[in-house]
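**Student:** I have a structure I would like to understand better, so I am pasting it below and will then ask my questions one at a time.
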Amino acid sequence: MRVRPAAVVLGCVLAAGVLVIDPDGWSPFGPSKWLAVTVSALLGALLAFVGRGAGHRTVRVARRAILAWAAFLAWVVVAAAFGVDPRLAWVGTPQRHFGALTWMLCALMFVVGQRLDDDGDARVVVGSAALVCGIAGVWSVAELCGWQPVALASSDRLVGPTGSAAYLGAAMALLVPLSVGIAADAQWSLRARRLAALCAASGLVALIGSGARAAWVGAAAAAVLLVAARRRQVGARVSVTRRWRLGAGVGAAAALVVGLAVLTGTAGRVPAAFTSGQPGGLSRLAEWDVAARVVWDHPLTGVGPEGYRVVFGRAVDAGYQRRYGRAVLPDRAHDSLLDVAVTTGLPGLAVYLAVLATVGRFVWRALRRAPPWLAGVAVGAAAYNVGQLLLFPLAEIEPGMWLLVGLLCARVVRDEETVALPVPRGAQVALAAAAGVALVAGVRSVGADRHTRVALDDAGSGRYTAGVAAAAAAVSWDPTDIVVRLNAAEVDAAGASPADVHRALGQISAGLAVSGHDPVLGEEGGALRIELAELTGRDADWRSAQADLRALAGRDPRNPQVLLQLGVADAAVGDNAEALAEWTSAADLAPGDSAPDSNLAVLYARLGDRSAAQRAALAALARDPSDAQARAVLAQLSPNP
């Protein structure tokens with residue numbers, strides 16, 4: 001069996017998405033991973049199409065699957081063109097990276113996976129994936145024992161090298177079955193099988209310890225699919241005695257899983273899924289309700305990739321806001337199908353379902369008839385995609401998953417189900433250019449992220465001048481990164497002078513030039529305008545803050561923080577009725593925040609309404625007994641001894 005360089009490089013795609021970190025970065029699990037994923041994927045694709053023989057001028061692919069992919073990509077392009085965030089719809093946000101170009105990368109990996117039609121190439125990619133499972137598993141075991149190889153994240157669940165418990169669970173749902181498949185396959189060497197078994201065992205610890213219920217559901221569903229696919233073979237070949245042994249083995253495995261859940265402290269997440277008010281679980285129903293309203297309002301092309309965060313504020317209702325708040329801005333629908341529907345509309349969802357259905361045929365075929373190592377790939381792909389029904393597509397893992405699915409399809413597809421596609425002239429040049437652009441853009445993003453960390457550390461340690469210089473350096477590395485702009489604004493504003501706040505507002509304006517309706521940038525800009533007006537006392541600054549916040553409230557009418565700030569601006573310019581209405585709404589939408597009621601108490605006292613002021617002050621203290629402003633109002637209202 002021969003092994004081409006393309007297989008070696010492509011074997012790094014999943015390693016990049018799961019294992020790569022940057023300890024010196026402000027977001028150590030973000031820009032560095034995306035840089036490694038895109039460059040390794042594009043370079044691997046380039047190498048897969050290098051050659052002069054006739055075989056390199058065409059690629060055989062599953063006909064129906066590639067037609068479905070082509071239709072889906074075409075509609076993604078349409079959705080991006082009409083999206084609510086025109087620029088980031090293509091390249092993705094700095095946090096998620098899932099723009100239209102990422103979907104194209106996934107399709108490319110699906111095609112390239114079918115290019116790896118040699119067993120040597122395929123085994124390199126699958127074996128590399130199993131090794132990734134083992135390394136992430138060992139990392140997680142070390143984390144469970146209290147030792148983090150790099151102390152970057154704090155959580156009551158295992159996060160491994162992904163920085164997120166949900167991401168770790170998704171990755172392990174894909175990789176653990178694959179590792180088990182290798183361990184169970186006599187076609188692999190004994191050494192490889194033993195190593196794969198160790199990888200699967202450590203990966204199982206990571207899967208259970210992540211507490212990722214979506215991944216657990218996916219893994220359980222995939223196991224059921226495997227049993228259903230092979231039940232006749234098992235029934236025909238296994239004696240009654242061996243069936244009893246098999247049943248005992250399954251029982252022992254279940255006991256092991258339950259034991260691991262108890263040991264890692266994640267067992268309680270099962271009943272918590274059915275508790276109202278807890279993140280995940282039943283709260284997913286509320287999230288899906290908001291997403292469904294977005295689809296209802298944008299049924300044709302959706303809001304475009306990465307557009308959900310922009311329209312969330314219009315779609316969210318008061319009940320969701322009161323119960324779950326907005327500590328973290330929801331930017332995904334937490335269901336892969338709803339996420340596709342939100343971002344590409346109902347036609348996009350229809351063709352995406354066609355992609356899953358056409359590919360699902362080959363996954364089912366592999367589950368039924370393929371050798372164990374390929375069946376493991378199929379189980380992993382099924383587990384990952386079922387789990388995404390409770391999560392969303394992950395840019396760090398999705399390209400590697402589609403690479404594995406393409407590789408699987410190439411081994412179970414029949415000749416009559418394939419079509420030979422010509423490789424376009426100049427494809428190699430285009431891939432090389434794309435890899436070069438990705439490398440430059442990724443390096444700049446990593447550089448900006450590292451300078452951002454220095455800037456925030458300096459500003460937090462009182463070294464304001466050094467922090468401002470580092471923030472400026474971060475912006476120069478990647479001026480289009482809205483997160484870098486947001487952090488630079490925070491550093492600039494720390495000087496607390498009008499000039500400093502003006503400079504921070506310049507950062508926000510530059511960020512809004514990239515993403516005109518980004519809600520986080522808008523909210524930060526409104527807060528900075530309030531700060532500037534408080535520093536200068538100028539009526540013009542208060543009016544400017546009022547106008548900005550009113551426009552933001554129009555796009556996000558149930559955001560209590562925006563209403564709170566808008567009330568401050570209204571009260572400052574004498575629009576007392578508006579201020580009272582906005583603070584009353586904010587108090588209703590944020591039951592745990594005393595600030596709206598506290599502000600109401602001050603304004604009612606100023607207007608001479610003593611009873612209303614007293615009620616508002618008592619309401620503020622009921623929410624937060626330490627609210628000094630509310631206590632001051634009550635002291636002012638109390639009769640002198």
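Letters for chains follow the order of the structure tokens (A, B, ...), residue numbers begin at 1 for each chain, and ligand numbers begin at 1 in the order shown.
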Quick one: everything within 8 Å of A:Arg115, counting only C-alpha atoms, minus sequence neighbours fewer than 6 positions away in the same chain. Send it as a list of chain:residue names.
**Tutor:**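 Near A:Arg115, the qualifying residues are A:Ala48, A:Val59, A:Arg60, A:Leu407, A:Ala410.
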**Student:** Find the residues around A:Val355 up to 6 Å (only C-alpha atoms counted), leave out those fewer than 3 positions away in its own chain, and share them as a ChimeraX atom specification.
**Tutor:** /A:65,68-69,352,358
**Student:** Keeping N, CA and C atoms for every residue in the selection just given, could you write it to a file as a PDB file, in the first residue's frame?
**Tutor:**
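Contents of the output file out08.pdb:
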ATOM      1  N   ALA A  65     -24.702  12.710  -4.415  1.00  0.00           N
ATOM      2  CA  ALA A  65     -24.179  13.506  -3.300  1.00  0.00           C
ATOM      3  C   ALA A  65     -23.534  14.785  -3.796  1.00  0.00           C
ATOM      4  N   ALA A  68     -26.165  17.254  -4.873  1.00  0.00           N
ATOM      5  CA  ALA A  68     -26.785  17.895  -3.713  1.00  0.00           C
ATOM      6  C   ALA A  68     -25.861  18.951  -3.120  1.00  0.00           C
ATOM      7  N   TRP A  69     -24.587  18.630  -3.030  1.00  0.00           N
ATOM      8  CA  TRP A  69     -23.616  19.603  -2.516  1.00  0.00           C
ATOM      9  C   TRP A  69     -23.566  20.843  -3.407  1.00  0.00           C
ATOM     10  N   TYR A 352     -29.785  21.012   1.909  1.00  0.00           N
ATOM     11  CA  TYR A 352     -28.878  20.445   2.917  1.00  0.00           C
ATOM     12  C   TYR A 352     -29.368  19.075   3.362  1.00  0.00           C
ATOM     13  N   THR A 358     -28.362  11.804   0.773  1.00  0.00           N
ATOM     14  CA  THR A 358     -27.565  11.085  -0.222  1.00  0.00           C
ATOM     15  C   THR A 358     -26.309  10.489   0.402  1.00  0.00           C
TER      16      THR A 358
END
**Student:** Atom CA of A:Gly567 and atom CA of A:Ala628 are how many Å apart?
**Tutor:**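 Computing it gives 19.3 Å between the two atoms.
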**Student:** Using only C-alpha atoms, determine which residues lie at most 10 Å from A:Ala455, disregarding the query and same-chain residues fewer than 5 positions distant; provide the list as a PyMOL selection string.
**Tutor:** chain A and resi 26+449-450+460-461+463-474+487-488+490-492
**Student:** Would you give me, as a list in words, the residues in stretch 40-176 of chain A that DSSP reads as strand (DSSP E or B)?
**Tutor:**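 Strand (DSSP E or B) assignments inside stretch 40-176 of chain A correspond to Thr58, Val59, Arg60, Val61 and Ala62 of chain A.
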**Student:** My list of candidates is A:Asn576, A:Pro498, A:Leu174, A:Ala553. Which is closest to A:Glu534 when distances are computed with only C-alpha atoms?
**Tutor:** A:Pro498
**Student:** Find the residue from A:Ala183, A:Ala499, A:Leu521, A:Val412 that sits nearest to A:Gln114; use only C-alpha atoms when measuring.
**Tutor:**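 Using only C-alpha atoms, the shortest distance to A:Gln114 belongs to A:Val412.
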**Student:** Name all residues at most 9 Å from A:Thr343 (count only C-alpha atoms; drop same-chain ones fewer than 6 positions away) and give them as a PyMOL selection string.
**Tutor:** chain A and resi 76+79-80+83+295+298+301-308
**Student:** So, with only C-alpha atoms as the atoms that count, which of A:His502, A:Arg193, A:Arg550, A:Arg558 lies closest to A:Ala533?
**Tutor:**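 Under the stated criterion, the closest residue is A:His502.
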**Student:** Which polymer residues have any atom within 6 Å of an atom of A:Val316, counting only C-alpha atoms, with same-chain residues fewer than 3 positions away left out, as a list in words?
**Tutor:**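 Contacts, in chain order: Val290, Phe312 and Gly313 of chain A.
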**Student:** Could the residues in this selection be written to a file with N, CA and C atoms, as a tab-separated table (two decimals), in the first residue's frame?
**Tutor:**
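And here is the file that came out, again17.tsv:
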chain	number	residue	atom	x	y	z
A	290	VAL	N	-37.17	30.76	19.26
A	290	VAL	CA	-36.65	32.02	18.73
A	290	VAL	C	-36.15	31.82	17.30
A	312	PHE	N	-31.22	38.30	16.27
A	312	PHE	CA	-31.73	37.65	17.48
A	312	PHE	C	-32.52	38.61	18.34
A	313	GLY	N	-32.04	39.83	18.47
A	313	GLY	CA	-32.70	40.80	19.34
A	313	GLY	C	-34.11	41.13	18.91
